[in-house]
Amino acid sequence: MSLALPLTLKAAVSRDCWSYRGTLGTSTTRFSSVMSGLTASQEPLPLSERLAHARAILGEVPLVDGHNDLAMTIRKVVNNQLAQFPFHQDLTKLEPWASQTSSHTDLPRLRKGHLGGQFWSAWVPNDSQYKNAVTQTLEQIDVIKRLVDRYPDDLQFVTTADGILEAHAKGKIASLIGVEGGHTIDSSLGVLRIFYNEGVRYLTLTHTSNTPWADSSVSESGDKGQHIEFDGLSAWGKVVVKEMNRLGMLVDISHVASQTMKDVLNVTRAPVIFSHSNARAIRNITRNVPDDILVRLVGVSSSGWWVSLRQAGGCLFVRLRENGGVAMVNFFTAFLVDDLNTASIKSVVGECLSVNLLGSHKRDELTSTISGRWRELITPPKGLEDTSKYPDLFAELLLDPSWTDEDLKKLAGLNIIRAFREVEKVRDELKCEDPWDQPIPREDIKDHLHCVNT
Ligand SMILES: [Zn+2]
């Protein structure tokens, strides 16, 4: 299926949120229902009033960010020694934190930004694959949990969709863990289950290199001398996805090759997420999401149905394979625009628009939500310089009357909470399914047999 975004849309959303109205209104009937709420241009409210309205929305529903690399920064700077990390202080004024280009985060800025929930990323370098990736990942899970424990008045560790709402109702930032990169499980379903039991609620299937069971987006581009090995997911990679469905762990397909995205959508029994990705229609790089995948994210898969028939004991489910996933828009400059110097808050507004236009035509749900990806933002988008600026983004979106308050609430957090809840529902339906326990085939590990115990 090819549903290329009209060139007029790309040109329009890359300018600003006023100018695309007239262009899109006549571009194609595919967008007509989405755009029908547009009215003639009217005087925008002053920024102060829009900011007040944005803050009111973020008081009602939690703003959930899909990816923050703060834990990696803590590892890099103080080797996870939290006594040397004064999270409650203004780190823009305190070295060595002030000069870090990763995270752009401290508690005062998170509070100013009205953040309601955060998937803290437990990422470890790709070159730890076949070495100590599991140890490092467990250390990152540990440091996130210790950080949450140190600031009980501000942070609350949660592992459920309801937990996000409960923490927000108490005025705390719901803190979740997402593990970034399938290399972290060392091709072990046992390690995957241990991560889940430690509270991990998403796993990104690859980072910037292939795992022995999934191709990454870097292989698709051919960068760094990498190449496609599995044409997507290997047979064992499909088992990883099924086990994640059974556990109730969100399958994150940011970073993977487009064929891997397709294979995941064909095999998953629950909604998937892009924890930090943008639309290729706007910035055509392999790290972003192709149009047809965004459409499939909310549509019915080509395979139509999924059935669970594994158990002799009668575990039988037949369900329409409708994904209902979300793409969490990434602020990372290089994924937003061709010319990095032009990245601004309006670029992110354009991403939110394009992701939703492509994803929402089959279903009355917005597809996107927010993912700051506050990492290596040497030149952050103008107007979105750090984690205090989320309300500014919503104030910018309020310039466009086609974004209703209900839309903005979905964008802030209700979309990811809806998808998370559906993942939990599938987990509950699969209770009678035994854990998947077949080891990865030896031949898939290739020349890394030292990792295999049997
Ligand atoms: Zn990433």
# chains A, B, ... in the order shown; residues from 1 in each chain; ligands from 1
call {"tool": "residues_near_ligand", "arguments": {"ligand": "ligand 1", "cutoff": "12 Å", "atoms": "only C-alpha atoms and all ligand atoms", "output": "ChimeraX atom specification"}}
result
/A:66-69,72,120-126,178-182,203-209,216-218,252-256,274-278,287-288,328,330-332,335,371-376
call {"tool": "write_last_selection", "arguments": {"atoms": "C-alpha atoms", "output": "PDB file, in the first residue's frame"}}
result
ATOM      1  CA  GLY A  66       8.047   8.382  25.553  1.00  0.00           C
ATOM      2  CA  HIS A  67      11.794   8.653  25.859  1.00  0.00           C
ATOM      3  CA  ASN A  68      14.297  10.487  28.058  1.00  0.00           C
ATOM      4  CA  ASP A  69      17.978   9.511  28.218  1.00  0.00           C
ATOM      5  CA  MET A  72      22.410   7.326  30.353  1.00  0.00           C
ATOM      6  CA  TRP A 120      12.911   6.707  31.394  1.00  0.00           C
ATOM      7  CA  SER A 121      15.180   5.007  28.889  1.00  0.00           C
ATOM      8  CA  ALA A 122      17.470   2.202  30.019  1.00  0.00           C
ATOM      9  CA  TRP A 123      19.848   2.278  27.055  1.00  0.00           C
ATOM     10  CA  VAL A 124      23.323   0.770  26.882  1.00  0.00           C
ATOM     11  CA  PRO A 125      25.797   1.044  23.997  1.00  0.00           C
ATOM     12  CA  ASN A 126      25.460  -1.306  21.044  1.00  0.00           C
ATOM     13  CA  GLY A 178      11.667   1.500  28.627  1.00  0.00           C
ATOM     14  CA  VAL A 179      14.675  -0.570  27.587  1.00  0.00           C
ATOM     15  CA  GLU A 180      16.158   0.629  24.309  1.00  0.00           C
ATOM     16  CA  GLY A 181      17.672  -1.951  22.005  1.00  0.00           C
ATOM     17  CA  GLY A 182      17.081  -5.705  21.704  1.00  0.00           C
ATOM     18  CA  LEU A 203      11.545  -2.866  24.739  1.00  0.00           C
ATOM     19  CA  THR A 204      12.795  -1.211  21.553  1.00  0.00           C
ATOM     20  CA  LEU A 205      13.613  -4.162  19.323  1.00  0.00           C
ATOM     21  CA  THR A 206      16.880  -2.722  17.988  1.00  0.00           C
ATOM     22  CA  HIS A 207      19.026   0.318  18.487  1.00  0.00           C
ATOM     23  CA  THR A 208      21.496   1.337  15.783  1.00  0.00           C
ATOM     24  CA  SER A 209      22.724  -2.166  14.973  1.00  0.00           C
ATOM     25  CA  SER A 216      17.756  -2.054  12.384  1.00  0.00           C
ATOM     26  CA  SER A 217      17.082   1.117  10.419  1.00  0.00           C
ATOM     27  CA  VAL A 218      20.838   1.643  10.082  1.00  0.00           C
ATOM     28  CA  ASP A 252       8.622  -0.497  20.504  1.00  0.00           C
ATOM     29  CA  ILE A 253       9.536  -0.337  16.816  1.00  0.00           C
ATOM     30  CA  SER A 254      11.434   2.928  16.744  1.00  0.00           C
ATOM     31  CA  HIS A 255      14.952   2.308  15.368  1.00  0.00           C
ATOM     32  CA  VAL A 256      14.041  -0.817  13.374  1.00  0.00           C
ATOM     33  CA  PHE A 274       7.141   4.101  18.143  1.00  0.00           C
ATOM     34  CA  SER A 275       8.621   5.563  21.325  1.00  0.00           C
ATOM     35  CA  HIS A 276      10.551   8.297  19.481  1.00  0.00           C
ATOM     36  CA  SER A 277      10.140   8.500  15.700  1.00  0.00           C
ATOM     37  CA  ASN A 278       8.852  10.926  13.108  1.00  0.00           C
ATOM     38  CA  ARG A 287      15.014   6.216  11.252  1.00  0.00           C
ATOM     39  CA  ASN A 288      11.536   7.670  10.616  1.00  0.00           C
ATOM     40  CA  MET A 328       5.446   9.318  19.685  1.00  0.00           C
ATOM     41  CA  ASN A 330      10.469  13.001  18.366  1.00  0.00           C
ATOM     42  CA  PHE A 331      11.985  16.437  18.987  1.00  0.00           C
ATOM     43  CA  PHE A 332      15.465  15.328  17.854  1.00  0.00           C
ATOM     44  CA  PHE A 335      14.829  13.602  12.560  1.00  0.00           C
ATOM     45  CA  SER A 371       8.420  11.998  22.948  1.00  0.00           C
ATOM     46  CA  GLY A 372      11.053  14.551  23.737  1.00  0.00           C
ATOM     47  CA  ARG A 373      14.060  12.334  23.149  1.00  0.00           C
ATOM     48  CA  TRP A 374      16.154  14.886  25.014  1.00  0.00           C
ATOM     49  CA  ARG A 375      19.431  13.415  23.877  1.00  0.00           C
ATOM     50  CA  GLU A 376      22.344  14.931  22.017  1.00  0.00           C
TER      51      GLU A 376
END
call {"tool": "residues_around", "arguments": {"residues": "range 42-48 of chain A", "least_positions_apart": "4", "cutoff": "10 Å", "atoms": "only C-alpha atoms", "output": "ChimeraX atom specification"}}
result
/A:52-54,392,395-396,398-401
call {"tool": "atom_distance", "arguments": {"atom1": "CA of Leu138 in chain A", "atom2": "CA of Ser187 in chain A"}}
result
15.2 Å
call {"tool": "select_by_dssp", "arguments": {"residues": "range 140-200 of chain A", "states": "strand (DSSP E)", "output": "PyMOL selection string"}}
result
chain A and resi 155-157+173-180+200
call {"tool": "select_by_dssp", "arguments": {"residues": "range 103-284 of chain A", "states": "alpha helix (DSSP H)", "output": "ChimeraX atom specification"}}
result
/A:107-112,133-150,161-169,189-197,217-221,235-247,258-267
call {"tool": "atom_distance", "arguments": {"atom1": "CA of Lys93 in chain A", "atom2": "CA of Gln136 in chain A"}}
result
29.6 Å
call {"tool": "residues_around", "arguments": {"residues": "range 412-427 of chain A", "least_positions_apart": "3", "cutoff": "8 Å", "atoms": "only C-alpha atoms", "output": "PyMOL selection string"}}
result
chain A and resi 58+61-65+160-161+164+245-250+269-272+324-326+365-370+408-409+430-431
call {"tool": "atom_distance", "arguments": {"atom1": "CA of Lys446 in chain A", "atom2": "CA of Thr135 in chain A"}}
result
22.1 Å
call {"tool": "decode", "arguments": {"residues": "range 211-227 of chain A", "atoms": "N, CA and C atoms", "output": "short mmCIF file (atom, residue, chain, number, x, y, z; two decimals), in the first residue's frame"}}
result
data_model
loop_
_atom_site.label_atom_id
_atom_site.label_comp_id
_atom_site.auth_asym_id
_atom_site.auth_seq_id
_atom_site.Cartn_x
_atom_site.Cartn_y
_atom_site.Cartn_z
N THR A 211 20.20 -6.90 15.88
CA THR A 211 20.37 -7.96 16.86
C THR A 211 20.44 -9.26 16.07
N PRO A 212 20.70 -10.40 16.72
CA PRO A 212 20.71 -11.66 15.95
C PRO A 212 19.31 -12.10 15.52
N TRP A 213 18.32 -11.22 15.65
CA TRP A 213 16.95 -11.59 15.29
C TRP A 213 16.13 -10.47 14.68
N ALA A 214 16.73 -9.28 14.49
CA ALA A 214 15.97 -8.17 13.90
C ALA A 214 16.91 -7.18 13.21
N ASP A 215 16.47 -6.67 12.06
CA ASP A 215 17.25 -5.66 11.33
C ASP A 215 16.91 -4.27 11.83
N SER A 216 17.95 -3.43 11.93
CA SER A 216 17.76 -2.05 12.38
C SER A 216 17.65 -1.11 11.20
N SER A 217 17.22 0.11 11.48
CA SER A 217 17.08 1.12 10.42
C SER A 217 18.44 1.49 9.83
N VAL A 218 19.50 1.33 10.61
CA VAL A 218 20.84 1.64 10.08
C VAL A 218 21.21 0.65 8.98
N SER A 219 20.81 -0.60 9.13
CA SER A 219 21.06 -1.59 8.07
C SER A 219 20.29 -1.23 6.81
N GLU A 220 19.09 -0.71 6.99
CA GLU A 220 18.28 -0.32 5.83
C GLU A 220 18.95 0.81 5.05
N SER A 221 19.58 1.72 5.79
CA SER A 221 20.26 2.84 5.10
C SER A 221 21.62 2.45 4.59
N GLY A 222 22.19 1.35 5.14
CA GLY A 222 23.53 0.92 4.72
C GLY A 222 24.64 1.72 5.38
N ASP A 223 24.28 2.55 6.36
CA ASP A 223 25.30 3.34 7.06
C ASP A 223 26.17 2.43 7.92
N LYS A 224 27.32 2.95 8.30
CA LYS A 224 28.25 2.27 9.21
C LYS A 224 28.60 0.86 8.73
N GLY A 225 28.51 0.64 7.40
CA GLY A 225 28.88 -0.67 6.84
C GLY A 225 27.91 -1.77 7.20
N GLN A 226 26.75 -1.42 7.75
CA GLN A 226 25.80 -2.46 8.15
C GLN A 226 24.88 -2.83 6.98
N HIS A 227 24.33 -4.02 7.04
CA HIS A 227 23.44 -4.47 5.97
C HIS A 227 22.31 -5.32 6.55
#
